[in-house]
>>> print(open('target11.cif').read())   # mmCIF, C-alpha atoms and all ligand atoms
data_start
#
loop_
_atom_site.group_PDB
_atom_site.id
_atom_site.type_symbol
_atom_site.label_atom_id
_atom_site.label_comp_id
_atom_site.auth_asym_id
_atom_site.auth_seq_id
_atom_site.Cartn_x
_atom_site.Cartn_y
_atom_site.Cartn_z
ATOM 1 C CA MET A 1 0.000 0.000 0.000
ATOM 2 C CA MET A 2 1.187 3.538 -0.756
ATOM 3 C CA LYS A 3 1.946 5.522 2.387
ATOM 4 C CA PHE A 4 1.209 9.233 2.532
ATOM 5 C CA ALA A 5 1.533 9.962 6.259
ATOM 6 C CA LEU A 6 -1.875 11.546 6.775
ATOM 7 C CA GLU A 7 -2.299 10.291 10.340
ATOM 8 C CA GLY A 8 -4.381 12.648 12.435
ATOM 9 C CA GLN A 9 -5.185 15.008 9.546
ATOM 10 C CA ARG A 10 -8.786 16.241 9.638
ATOM 11 C CA VAL A 11 -10.098 16.357 6.081
ATOM 12 C CA LEU A 12 -13.472 17.343 4.585
ATOM 13 C CA ILE A 13 -14.414 15.887 1.208
ATOM 14 C CA THR A 14 -17.436 17.404 -0.541
ATOM 15 C CA GLY A 15 -19.760 15.224 -2.592
ATOM 16 C CA ALA A 16 -18.156 12.164 -1.024
ATOM 17 C CA ALA A 17 -21.018 9.651 -1.056
ATOM 18 C CA THR A 18 -20.248 8.477 -4.595
ATOM 19 C CA GLY A 19 -17.585 8.223 -7.287
ATOM 20 C CA ILE A 20 -14.297 10.067 -6.948
ATOM 21 C CA GLY A 21 -15.236 11.658 -3.610
ATOM 22 C CA ARG A 22 -16.075 8.263 -2.128
ATOM 23 C CA ALA A 23 -12.743 6.849 -3.332
ATOM 24 C CA CYS A 24 -10.973 9.858 -1.767
ATOM 25 C CA ALA A 25 -12.732 9.298 1.572
ATOM 26 C CA LEU A 26 -11.770 5.619 1.616
ATOM 27 C CA MET A 27 -8.144 6.201 0.640
ATOM 28 C CA LEU A 28 -7.618 9.197 2.936
ATOM 29 C CA ALA A 29 -9.059 7.231 5.866
ATOM 30 C CA GLU A 30 -6.853 4.262 4.952
ATOM 31 C CA GLN A 31 -3.893 6.659 5.118
ATOM 32 C CA GLY A 32 -4.847 7.687 8.660
ATOM 33 C CA ALA A 33 -6.881 10.837 8.077
ATOM 34 C CA GLU A 34 -10.088 11.543 9.970
ATOM 35 C CA VAL A 35 -12.592 12.277 7.225
ATOM 36 C CA TRP A 36 -15.846 14.221 6.952
ATOM 37 C CA ILE A 37 -18.054 12.871 4.215
ATOM 38 C CA ASN A 38 -20.175 15.711 2.870
ATOM 39 C CA HIS A 39 -23.207 14.644 0.880
ATOM 40 C CA LEU A 40 -26.463 15.961 -0.489
ATOM 41 C CA GLY A 41 -29.446 13.757 0.302
ATOM 42 C CA GLN A 42 -27.390 10.547 0.318
ATOM 43 C CA ALA A 43 -27.713 9.641 3.990
ATOM 44 C CA ASP A 44 -27.781 5.878 3.366
ATOM 45 C CA ALA A 45 -24.755 5.778 1.070
ATOM 46 C CA SER A 46 -22.820 8.058 3.447
ATOM 47 C CA ALA A 47 -23.732 5.993 6.505
ATOM 48 C CA ALA A 48 -22.595 2.834 4.693
ATOM 49 C CA LEU A 49 -19.302 4.531 3.827
ATOM 50 C CA VAL A 50 -18.784 5.704 7.426
ATOM 51 C CA GLU A 51 -19.424 2.128 8.549
ATOM 52 C CA GLN A 52 -17.013 0.680 5.977
ATOM 53 C CA ILE A 53 -14.277 3.071 7.131
ATOM 54 C CA ALA A 54 -14.982 2.339 10.819
ATOM 55 C CA VAL A 55 -14.823 -1.436 10.241
ATOM 56 C CA ALA A 56 -11.411 -0.929 8.627
ATOM 57 C CA GLY A 57 -10.271 0.958 11.760
ATOM 58 C CA GLY A 58 -10.632 4.479 10.378
ATOM 59 C CA ARG A 59 -12.540 7.561 11.519
ATOM 60 C CA ALA A 60 -15.306 9.137 9.467
ATOM 61 C CA THR A 61 -18.367 11.326 9.976
ATOM 62 C CA ALA A 62 -21.129 12.005 7.469
ATOM 63 C CA ILE A 63 -22.302 15.586 7.166
ATOM 64 C CA GLU A 64 -25.067 16.783 4.873
ATOM 65 C CA ALA A 65 -24.906 20.166 3.135
ATOM 66 C CA ASP A 66 -25.703 21.548 -0.278
ATOM 67 C CA VAL A 67 -22.488 23.323 -1.292
ATOM 68 C CA SER A 68 -24.562 25.775 -3.325
ATOM 69 C CA ASP A 69 -26.357 26.936 -0.161
ATOM 70 C CA PRO A 70 -24.322 29.527 1.807
ATOM 71 C CA ASP A 71 -26.152 28.878 5.102
ATOM 72 C CA ALA A 72 -25.782 25.107 4.852
ATOM 73 C CA VAL A 73 -22.058 25.415 4.160
ATOM 74 C CA ALA A 74 -21.592 27.848 7.068
ATOM 75 C CA GLU A 75 -23.346 25.379 9.373
ATOM 76 C CA MET A 76 -21.286 22.426 8.097
ATOM 77 C CA PHE A 77 -17.983 24.201 8.727
ATOM 78 C CA ALA A 78 -19.142 25.469 12.147
ATOM 79 C CA CYS A 79 -19.969 21.882 13.078
ATOM 80 C CA ILE A 80 -16.590 20.510 11.971
ATOM 81 C CA ILE A 81 -14.467 23.351 13.294
ATOM 82 C CA ALA A 82 -16.183 23.150 16.705
ATOM 83 C CA THR A 83 -14.251 19.903 17.154
ATOM 84 C CA GLY A 84 -10.891 21.285 15.979
ATOM 85 C CA PRO A 85 -9.212 23.003 13.023
ATOM 86 C CA LEU A 86 -9.454 21.567 9.533
ATOM 87 C CA ASP A 87 -6.184 20.328 7.976
ATOM 88 C CA GLY A 88 -7.455 19.394 4.540
ATOM 89 C CA LEU A 89 -10.303 20.114 2.129
ATOM 90 C CA VAL A 90 -11.145 18.255 -1.069
ATOM 91 C CA ASN A 91 -13.586 20.246 -3.212
ATOM 92 C CA ASN A 92 -15.072 17.398 -5.201
ATOM 93 C CA ALA A 93 -18.847 17.995 -5.362
ATOM 94 C CA GLY A 94 -19.897 18.747 -8.893
ATOM 95 C CA ILE A 95 -22.615 18.513 -11.507
ATOM 96 C CA ILE A 96 -22.462 18.403 -15.297
ATOM 97 C CA GLN A 97 -24.965 18.983 -18.052
ATOM 98 C CA GLU A 98 -24.683 18.522 -21.791
ATOM 99 C CA GLN A 99 -26.348 21.512 -23.399
ATOM 100 C CA GLY A 100 -25.765 23.587 -26.492
ATOM 101 C CA PHE A 101 -24.700 27.111 -25.610
ATOM 102 C CA LEU A 102 -27.699 28.743 -27.277
ATOM 103 C CA ASP A 103 -30.020 26.517 -25.227
ATOM 104 C CA THR A 104 -28.303 27.418 -21.966
ATOM 105 C CA SER A 105 -30.655 29.728 -20.071
ATOM 106 C CA GLU A 106 -29.651 32.059 -17.250
ATOM 107 C CA ASP A 107 -31.073 29.494 -14.816
ATOM 108 C CA ASP A 108 -29.113 26.597 -16.371
ATOM 109 C CA TRP A 109 -25.930 28.666 -16.245
ATOM 110 C CA ARG A 110 -26.481 29.701 -12.608
ATOM 111 C CA ARG A 111 -27.263 26.114 -11.536
ATOM 112 C CA ILE A 112 -23.888 24.833 -12.787
ATOM 113 C CA MET A 113 -21.972 27.847 -11.435
ATOM 114 C CA ALA A 114 -23.706 27.613 -8.052
ATOM 115 C CA VAL A 115 -22.313 24.121 -7.429
ATOM 116 C CA ASP A 116 -19.159 23.817 -9.551
ATOM 117 C CA LEU A 117 -17.687 27.269 -8.940
ATOM 118 C CA ASP A 118 -19.486 29.077 -6.090
ATOM 119 C CA GLY A 119 -19.467 25.918 -3.961
ATOM 120 C CA VAL A 120 -15.684 25.696 -4.297
ATOM 121 C CA TYR A 121 -15.248 29.396 -3.479
ATOM 122 C CA ARG A 122 -17.463 29.041 -0.407
ATOM 123 C CA CYS A 123 -15.789 25.917 0.989
ATOM 124 C CA CYS A 124 -12.327 27.379 0.328
ATOM 125 C CA ARG A 125 -13.267 30.531 2.237
ATOM 126 C CA TYR A 126 -14.360 28.702 5.390
ATOM 127 C CA ALA A 127 -11.510 26.208 5.207
ATOM 128 C CA LEU A 128 -8.903 28.929 4.697
ATOM 129 C CA GLU A 129 -10.268 30.903 7.648
ATOM 130 C CA SER A 130 -9.660 27.855 9.835
ATOM 131 C CA MET A 131 -6.335 26.959 8.209
ATOM 132 C CA SER A 132 -5.027 30.535 8.448
ATOM 133 C CA GLY A 133 -5.717 30.512 12.180
ATOM 134 C CA ALA A 134 -3.809 27.251 12.575
ATOM 135 C CA GLY A 135 -1.025 28.335 10.170
ATOM 136 C CA ARG A 136 -1.203 25.114 8.168
ATOM 137 C CA GLY A 137 -3.391 23.199 5.755
ATOM 138 C CA ALA A 138 -3.836 21.909 2.242
ATOM 139 C CA ILE A 139 -6.664 22.110 -0.278
ATOM 140 C CA VAL A 140 -7.240 20.008 -3.373
ATOM 141 C CA ASN A 141 -9.809 21.182 -5.912
ATOM 142 C CA ILE A 142 -11.179 18.661 -8.376
ATOM 143 C CA ALA A 143 -11.329 20.521 -11.679
ATOM 144 C CA SER A 144 -11.457 18.720 -15.035
ATOM 145 C CA GLU A 145 -9.467 18.471 -18.213
ATOM 146 C CA LEU A 146 -12.553 20.047 -19.807
ATOM 147 C CA GLY A 147 -11.713 23.235 -17.908
ATOM 148 C CA GLN A 148 -8.315 23.166 -19.626
ATOM 149 C CA LEU A 149 -9.422 22.122 -23.111
ATOM 150 C CA GLY A 150 -13.011 23.352 -23.435
ATOM 151 C CA ARG A 151 -15.732 21.181 -24.965
ATOM 152 C CA GLU A 152 -18.660 21.940 -27.234
ATOM 153 C CA ASN A 153 -22.054 21.593 -25.528
ATOM 154 C CA TYR A 154 -20.493 21.868 -22.049
ATOM 155 C CA VAL A 155 -19.718 25.580 -21.958
ATOM 156 C CA ALA A 156 -21.081 26.216 -18.448
ATOM 157 C CA TYR A 157 -19.260 23.214 -16.935
ATOM 158 C CA CYS A 158 -15.987 24.054 -18.729
ATOM 159 C CA THR A 159 -16.227 27.687 -17.643
ATOM 160 C CA ALA A 160 -16.836 26.714 -14.015
ATOM 161 C CA LYS A 161 -13.928 24.248 -14.037
ATOM 162 C CA ALA A 162 -11.621 26.811 -15.702
ATOM 163 C CA GLY A 163 -12.655 29.143 -12.872
ATOM 164 C CA VAL A 164 -11.664 26.497 -10.338
ATOM 165 C CA ILE A 165 -8.219 26.333 -11.952
ATOM 166 C CA GLY A 166 -7.819 30.120 -11.699
ATOM 167 C CA MET A 167 -9.038 30.053 -8.099
ATOM 168 C CA THR A 168 -6.564 27.302 -7.227
ATOM 169 C CA LYS A 169 -3.577 29.231 -8.570
ATOM 170 C CA SER A 170 -4.658 32.548 -7.021
ATOM 171 C CA LEU A 171 -5.296 31.026 -3.582
ATOM 172 C CA ALA A 172 -1.982 29.146 -3.789
ATOM 173 C CA ARG A 173 -0.210 32.481 -4.219
ATOM 174 C CA GLU A 174 -2.242 34.338 -1.573
ATOM 175 C CA PHE A 175 -1.937 31.697 1.167
ATOM 176 C CA ALA A 176 1.650 30.526 0.594
ATOM 177 C CA PRO A 177 3.847 29.396 2.159
ATOM 178 C CA HIS A 178 1.948 27.762 5.016
ATOM 179 C CA ILE A 179 -1.131 26.589 3.148
ATOM 180 C CA ARG A 180 -0.889 24.713 -0.145
ATOM 181 C CA VAL A 181 -3.674 24.818 -2.736
ATOM 182 C CA ASN A 182 -3.545 22.376 -5.634
ATOM 183 C CA GLY A 183 -5.931 20.630 -7.951
ATOM 184 C CA VAL A 184 -6.479 17.510 -9.957
ATOM 185 C CA ALA A 185 -7.833 17.793 -13.499
ATOM 186 C CA PRO A 186 -9.169 14.322 -14.273
ATOM 187 C CA GLY A 187 -9.831 13.002 -17.726
ATOM 188 C CA PRO A 188 -12.791 10.624 -18.108
ATOM 189 C CA VAL A 189 -13.301 8.577 -14.955
ATOM 190 C CA ASP A 190 -15.649 5.638 -14.578
ATOM 191 C CA THR A 191 -18.324 7.076 -12.260
ATOM 192 C CA ALA A 192 -22.028 7.852 -12.531
ATOM 193 C CA MET A 193 -21.058 11.149 -14.178
ATOM 194 C CA VAL A 194 -19.659 9.567 -17.342
ATOM 195 C CA SER A 195 -21.732 6.390 -17.447
ATOM 196 C CA LEU A 196 -23.644 5.490 -20.597
ATOM 197 C CA GLU A 197 -26.724 6.461 -18.604
ATOM 198 C CA HIS A 198 -25.793 10.117 -18.915
ATOM 199 C CA MET A 199 -23.486 10.240 -21.932
ATOM 200 C CA SER A 200 -23.954 9.195 -25.527
ATOM 201 C CA GLU A 201 -22.008 6.219 -26.859
ATOM 202 C CA GLU A 202 -20.224 8.623 -29.238
ATOM 203 C CA TRP A 203 -19.066 10.679 -26.253
ATOM 204 C CA ILE A 204 -17.678 7.627 -24.458
ATOM 205 C CA ALA A 205 -15.973 6.390 -27.663
ATOM 206 C CA LYS A 206 -14.300 9.806 -28.070
ATOM 207 C CA GLU A 207 -13.184 9.740 -24.446
ATOM 208 C CA LEU A 208 -11.562 6.325 -24.896
ATOM 209 C CA ALA A 209 -9.436 7.523 -27.817
ATOM 210 C CA ILE A 210 -6.596 8.513 -25.472
ATOM 211 C CA PRO A 211 -3.159 6.933 -24.895
ATOM 212 C CA ALA A 212 -4.409 4.974 -21.844
ATOM 213 C CA GLY A 213 -7.266 3.605 -23.975
ATOM 214 C CA ARG A 214 -9.659 3.326 -21.036
ATOM 215 C CA LEU A 215 -11.575 5.354 -18.500
ATOM 216 C CA GLY A 216 -9.759 6.229 -15.295
ATOM 217 C CA ARG A 217 -10.773 4.623 -12.000
ATOM 218 C CA PRO A 218 -11.898 6.754 -9.036
ATOM 219 C CA GLU A 219 -9.003 5.296 -7.003
ATOM 220 C CA GLU A 220 -6.533 6.707 -9.514
ATOM 221 C CA ILE A 221 -7.828 10.214 -8.848
ATOM 222 C CA ALA A 222 -7.925 9.565 -5.086
ATOM 223 C CA ALA A 223 -4.235 8.599 -5.151
ATOM 224 C CA ALA A 224 -3.378 12.015 -6.651
ATOM 225 C CA VAL A 225 -5.526 13.706 -3.994
ATOM 226 C CA CYS A 226 -3.824 11.798 -1.150
ATOM 227 C CA PHE A 227 -0.431 12.758 -2.528
ATOM 228 C CA LEU A 228 -1.314 16.452 -2.840
ATOM 229 C CA LEU A 229 -2.711 16.615 0.707
ATOM 230 C CA SER A 230 0.290 14.818 2.167
ATOM 231 C CA PRO A 231 3.700 16.070 3.305
ATOM 232 C CA ALA A 232 5.128 14.213 0.277
ATOM 233 C CA ALA A 233 3.768 17.103 -1.833
ATOM 234 C CA SER A 234 5.324 19.816 0.348
ATOM 235 C CA PHE A 235 6.895 21.557 -2.694
ATOM 236 C CA PHE A 236 3.660 21.506 -4.722
ATOM 237 C CA THR A 237 1.345 24.487 -4.705
ATOM 238 C CA GLY A 238 -0.803 26.058 -7.428
ATOM 239 C CA GLN A 239 -0.488 22.882 -9.509
ATOM 240 C CA MET A 240 -3.136 21.006 -11.452
ATOM 241 C CA LEU A 241 -2.216 17.336 -11.736
ATOM 242 C CA GLY A 242 -3.453 15.949 -15.033
ATOM 243 C CA ALA A 243 -4.822 12.532 -14.109
ATOM 244 C CA ASN A 244 -6.104 12.031 -17.658
ATOM 245 C CA GLY A 245 -4.559 8.900 -19.189
ATOM 246 C CA GLY A 246 -2.415 11.091 -21.428
ATOM 247 C CA ALA A 247 -5.430 12.745 -23.073
ATOM 248 C CA TRP A 248 -3.279 15.816 -23.561
ATOM 249 C CA MET A 249 0.362 16.486 -22.759
HETATM 250 P P1 LIG B 301 -20.487 11.791 -9.048
HETATM 251 O O1 LIG B 301 -21.723 12.308 -9.664
HETATM 252 O O2 LIG B 301 -20.439 10.390 -8.573
HETATM 253 O O3 LIG B 301 -20.019 12.715 -7.835
HETATM 254 C C1 LIG B 301 -20.424 14.033 -7.633
HETATM 255 C C2 LIG B 301 -20.941 14.134 -6.210
HETATM 256 O O4 LIG B 301 -21.221 15.497 -5.912
HETATM 257 C C3 LIG B 301 -22.245 13.334 -5.994
HETATM 258 O O5 LIG B 301 -22.124 12.512 -4.856
HETATM 259 C C4 LIG B 301 -23.271 14.426 -5.770
HETATM 260 O O6 LIG B 301 -24.311 14.073 -4.883
HETATM 261 C C5 LIG B 301 -22.425 15.531 -5.169
HETATM 262 N N1 LIG B 301 -23.049 16.828 -5.307
HETATM 263 C C6 LIG B 301 -23.645 17.359 -6.408
HETATM 264 N N2 LIG B 301 -24.145 18.547 -6.132
HETATM 265 C C7 LIG B 301 -23.879 18.787 -4.825
HETATM 266 C C8 LIG B 301 -24.159 19.866 -3.958
HETATM 267 N N3 LIG B 301 -24.830 20.939 -4.376
HETATM 268 N N4 LIG B 301 -23.727 19.777 -2.664
HETATM 269 C C9 LIG B 301 -23.052 18.701 -2.229
HETATM 270 N N5 LIG B 301 -22.782 17.645 -3.010
HETATM 271 C C10 LIG B 301 -23.184 17.694 -4.299
HETATM 272 O O7 LIG B 301 -19.369 12.029 -10.150
HETATM 273 P P2 LIG B 301 -17.767 12.021 -10.045
HETATM 274 O O8 LIG B 301 -17.298 11.664 -11.377
HETATM 275 O O9 LIG B 301 -17.300 11.273 -8.874
HETATM 276 O O10 LIG B 301 -17.455 13.590 -9.865
HETATM 277 C C11 LIG B 301 -16.653 14.116 -8.823
HETATM 278 C C12 LIG B 301 -15.944 15.354 -9.308
HETATM 279 O O11 LIG B 301 -15.023 14.998 -10.334
HETATM 280 C C13 LIG B 301 -16.865 16.420 -9.911
HETATM 281 O O12 LIG B 301 -16.446 17.701 -9.498
HETATM 282 C C14 LIG B 301 -16.631 16.255 -11.412
HETATM 283 O O13 LIG B 301 -16.896 17.444 -12.112
HETATM 284 C C15 LIG B 301 -15.162 15.872 -11.437
HETATM 285 N N6 LIG B 301 -14.741 15.202 -12.654
HETATM 286 C C16 LIG B 301 -15.261 13.980 -13.004
HETATM 287 C C17 LIG B 301 -14.836 13.385 -14.155
HETATM 288 C C18 LIG B 301 -15.369 12.065 -14.612
HETATM 289 O O14 LIG B 301 -15.060 11.684 -15.751
HETATM 290 N N7 LIG B 301 -16.101 11.333 -13.815
HETATM 291 C C19 LIG B 301 -13.815 14.014 -15.020
HETATM 292 C C20 LIG B 301 -13.334 15.266 -14.539
HETATM 293 C C21 LIG B 301 -13.787 15.835 -13.399
#
>>> encode(input="target11.cif", output="structure tokens")
Amino acid sequence: MMKFALEGQRVLITGAATGIGRACALMLAEQGAEVWINHLGQADASAALVEQIAVAGGRATAIEADVSDPDAVAEMFACIIATGPLDGLVNNAGIIQEQGFLDTSEDDWRRIMAVDLDGVYRCCRYALESMSGAGRGAIVNIASELGQLGRENYVAYCTAKAGVIGMTKSLAREFAPHIRVNGVAPGPVDTAMVSLEHMSEEWIAKELAIPAGRLGRPEEIAAAVCFLLSPAASFFTGQMLGANGGAWM
């Protein structure tokens, strides 16, 4: 097993009941971190995950909050920080929608921004308040290669993710040297988000035409997250790790 020395680190992962966030919670807990599993209306899945981590000897707490709701996020952070400062934050919660630009209404645009960009801003703000007080901490923002490359019919999502990349670099500069802010920009990963349920077969076929020739696994993104949160990444800040199977180089 890889070892990232995260013992005793208190880490919040947003949108952690499923997919990449779930894999992050499992791997961070396996590495010794105490994890908070944020979710939105997924009490059963989160409770099962907490149980799975506890059975393996780890520490986890489920905490519900809609990251697009300022009051809910304030309450979530107050709850966590009441028990001690936060060492790590993984901004993972996200939504995607395929939609031609001319069909994207103000409401559609706002809905994507509210979760994928504003949610990250909001969680970073509360986490950095706590981390600044403690003089230490690390944040990992899950962006996307689509925020780097752009993609037709995903303008709102790509714009939000490009914003996350800009936020990551700006916060890395503003909060250095004691707090590190990095990101992971995954290529296509095998989760509910890119399943054939939501995406056309043409889309999946296009995604597979990359050097790795397959979708990524959530654990492969979680490994990058564990690394970036750990002391092993002490010289990394403002970076966006391209966990994308070589989709672009
Ligand atoms: P997923 O759909 O399994 O995970 C997203 C999670 O975010 C879900 O558990 C969902 O309930 C939660 N969520 C959505 N809105 C929320 C809100 N308002 N408040 C709190 N939680 C909320 O999909 P996946 O793939 O695990 O996505 C995780 C992150 O990875 C997302 O930010 C996504 O944009 C990003 N990503 C995924 C890629 C993929 O190919 N699967 C590629 C690149 C980036």
>>> residues_near_point(input="target11.cif", point="(-3.2, 32.1, 7.2)", cutoff="12 Å", atoms="all atoms listed in the file", output="ChimeraX atom specification")
/A:125-138,171-180
>>> closest_residue(input="target11.cif", among="A:Leu229, A:Val155, A:Leu146, A:Ala162", to="Arg10 (chain A)", atoms="all atoms listed in the file")
A:Leu229
>>> residues_around(input="target11.cif", residues="Trp109 (chain A)", least_positions_apart="3", cutoff="10 Å", atoms="only C-alpha atoms", output="list of chain:residue names")
A:Gln97, A:Phe101, A:Thr104, A:Ser105, A:Glu106, A:Ile112, A:Met113, A:Ala114, A:Val155, A:Ala156, A:Tyr157, A:Thr159, A:Ala160
>>> axis_aligned_box(input="target11.cif", around="region 57-61 of chain A", padding_each_side="4 Å", output="lines of an AutoDock Vina configuration file")
center_x = -14.3
center_y = 6.1
center_z = 10.6
size_x = 16.1
size_y = 18.4
size_z = 10.3
>>> residues_around(input="target11.cif", residues="Ile204 (chain A)", least_positions_apart="4", cutoff="12 Å", atoms="all atoms listed in the file", output="ChimeraX atom specification")
/A:187-190,193-200,208-210,213-215
>>> build_atoms(input="target11.cif", residues="region 104-129 of chain A", atoms="N, CA and C atoms", output="PDB file, keeping the file's coordinate frame")
ATOM      1  N   THR A 104     -28.644  27.271 -23.386  1.00  0.00           N
ATOM      2  CA  THR A 104     -28.303  27.418 -21.966  1.00  0.00           C
ATOM      3  C   THR A 104     -28.932  28.708 -21.434  1.00  0.00           C
ATOM      4  N   SER A 105     -29.963  28.544 -20.611  1.00  0.00           N
ATOM      5  CA  SER A 105     -30.655  29.728 -20.071  1.00  0.00           C
ATOM      6  C   SER A 105     -29.862  30.299 -18.897  1.00  0.00           C
ATOM      7  N   GLU A 106     -30.269  31.455 -18.452  1.00  0.00           N
ATOM      8  CA  GLU A 106     -29.651  32.059 -17.250  1.00  0.00           C
ATOM      9  C   GLU A 106     -29.732  31.078 -16.078  1.00  0.00           C
ATOM     10  N   ASP A 107     -30.891  30.420 -15.936  1.00  0.00           N
ATOM     11  CA  ASP A 107     -31.073  29.494 -14.816  1.00  0.00           C
ATOM     12  C   ASP A 107     -30.149  28.285 -14.935  1.00  0.00           C
ATOM     13  N   ASP A 108     -30.015  27.743 -16.161  1.00  0.00           N
ATOM     14  CA  ASP A 108     -29.113  26.597 -16.371  1.00  0.00           C
ATOM     15  C   ASP A 108     -27.683  26.994 -16.007  1.00  0.00           C
ATOM     16  N   TRP A 109     -27.290  28.162 -16.485  1.00  0.00           N
ATOM     17  CA  TRP A 109     -25.930  28.666 -16.245  1.00  0.00           C
ATOM     18  C   TRP A 109     -25.666  28.805 -14.741  1.00  0.00           C
ATOM     19  N   ARG A 110     -26.614  29.457 -14.054  1.00  0.00           N
ATOM     20  CA  ARG A 110     -26.481  29.701 -12.608  1.00  0.00           C
ATOM     21  C   ARG A 110     -26.410  28.384 -11.825  1.00  0.00           C
ATOM     22  N   ARG A 111     -27.198  27.393 -12.267  1.00  0.00           N
ATOM     23  CA  ARG A 111     -27.263  26.114 -11.536  1.00  0.00           C
ATOM     24  C   ARG A 111     -25.879  25.435 -11.546  1.00  0.00           C
ATOM     25  N   ILE A 112     -25.224  25.446 -12.691  1.00  0.00           N
ATOM     26  CA  ILE A 112     -23.888  24.833 -12.787  1.00  0.00           C
ATOM     27  C   ILE A 112     -22.880  25.655 -11.978  1.00  0.00           C
ATOM     28  N   MET A 113     -22.926  26.981 -12.157  1.00  0.00           N
ATOM     29  CA  MET A 113     -21.972  27.847 -11.435  1.00  0.00           C
ATOM     30  C   MET A 113     -22.159  27.731  -9.922  1.00  0.00           C
ATOM     31  N   ALA A 114     -23.415  27.627  -9.495  1.00  0.00           N
ATOM     32  CA  ALA A 114     -23.706  27.613  -8.052  1.00  0.00           C
ATOM     33  C   ALA A 114     -23.019  26.439  -7.361  1.00  0.00           C
ATOM     34  N   VAL A 115     -22.942  25.303  -8.040  1.00  0.00           N
ATOM     35  CA  VAL A 115     -22.313  24.121  -7.429  1.00  0.00           C
ATOM     36  C   VAL A 115     -20.819  24.074  -7.780  1.00  0.00           C
ATOM     37  N   ASP A 116     -20.519  24.135  -9.087  1.00  0.00           N
ATOM     38  CA  ASP A 116     -19.159  23.817  -9.551  1.00  0.00           C
ATOM     39  C   ASP A 116     -18.149  24.935  -9.291  1.00  0.00           C
ATOM     40  N   LEU A 117     -18.628  26.165  -9.172  1.00  0.00           N
ATOM     41  CA  LEU A 117     -17.687  27.269  -8.940  1.00  0.00           C
ATOM     42  C   LEU A 117     -17.941  27.939  -7.585  1.00  0.00           C
ATOM     43  N   ASP A 118     -19.195  28.377  -7.348  1.00  0.00           N
ATOM     44  CA  ASP A 118     -19.486  29.077  -6.090  1.00  0.00           C
ATOM     45  C   ASP A 118     -19.281  28.141  -4.892  1.00  0.00           C
ATOM     46  N   GLY A 119     -19.640  26.878  -5.060  1.00  0.00           N
ATOM     47  CA  GLY A 119     -19.467  25.918  -3.961  1.00  0.00           C
ATOM     48  C   GLY A 119     -17.998  25.793  -3.563  1.00  0.00           C
ATOM     49  N   VAL A 120     -17.129  25.812  -4.557  1.00  0.00           N
ATOM     50  CA  VAL A 120     -15.684  25.696  -4.297  1.00  0.00           C
ATOM     51  C   VAL A 120     -15.188  26.960  -3.599  1.00  0.00           C
ATOM     52  N   TYR A 121     -15.615  28.115  -4.113  1.00  0.00           N
ATOM     53  CA  TYR A 121     -15.248  29.396  -3.479  1.00  0.00           C
ATOM     54  C   TYR A 121     -15.627  29.384  -1.991  1.00  0.00           C
ATOM     55  N   ARG A 122     -16.882  28.989  -1.756  1.00  0.00           N
ATOM     56  CA  ARG A 122     -17.463  29.041  -0.407  1.00  0.00           C
ATOM     57  C   ARG A 122     -16.709  28.098   0.546  1.00  0.00           C
ATOM     58  N   CYS A 123     -16.477  26.883   0.116  1.00  0.00           N
ATOM     59  CA  CYS A 123     -15.789  25.917   0.989  1.00  0.00           C
ATOM     60  C   CYS A 123     -14.339  26.345   1.206  1.00  0.00           C
ATOM     61  N   CYS A 124     -13.704  26.891   0.157  1.00  0.00           N
ATOM     62  CA  CYS A 124     -12.327  27.379   0.328  1.00  0.00           C
ATOM     63  C   CYS A 124     -12.285  28.493   1.375  1.00  0.00           C
ATOM     64  N   ARG A 125     -13.281  29.382   1.318  1.00  0.00           N
ATOM     65  CA  ARG A 125     -13.267  30.531   2.237  1.00  0.00           C
ATOM     66  C   ARG A 125     -13.322  30.072   3.694  1.00  0.00           C
ATOM     67  N   TYR A 126     -14.260  29.178   3.995  1.00  0.00           N
ATOM     68  CA  TYR A 126     -14.360  28.702   5.390  1.00  0.00           C
ATOM     69  C   TYR A 126     -13.136  27.883   5.781  1.00  0.00           C
ATOM     70  N   ALA A 127     -12.663  27.047   4.877  1.00  0.00           N
ATOM     71  CA  ALA A 127     -11.510  26.208   5.207  1.00  0.00           C
ATOM     72  C   ALA A 127     -10.277  27.078   5.433  1.00  0.00           C
ATOM     73  N   LEU A 128     -10.099  28.089   4.574  1.00  0.00           N
ATOM     74  CA  LEU A 128      -8.903  28.929   4.697  1.00  0.00           C
ATOM     75  C   LEU A 128      -8.944  29.799   5.943  1.00  0.00           C
ATOM     76  N   GLU A 129     -10.151  30.168   6.376  1.00  0.00           N
ATOM     77  CA  GLU A 129     -10.268  30.903   7.648  1.00  0.00           C
ATOM     78  C   GLU A 129      -9.701  30.040   8.773  1.00  0.00           C
TER      79      GLU A 129
END
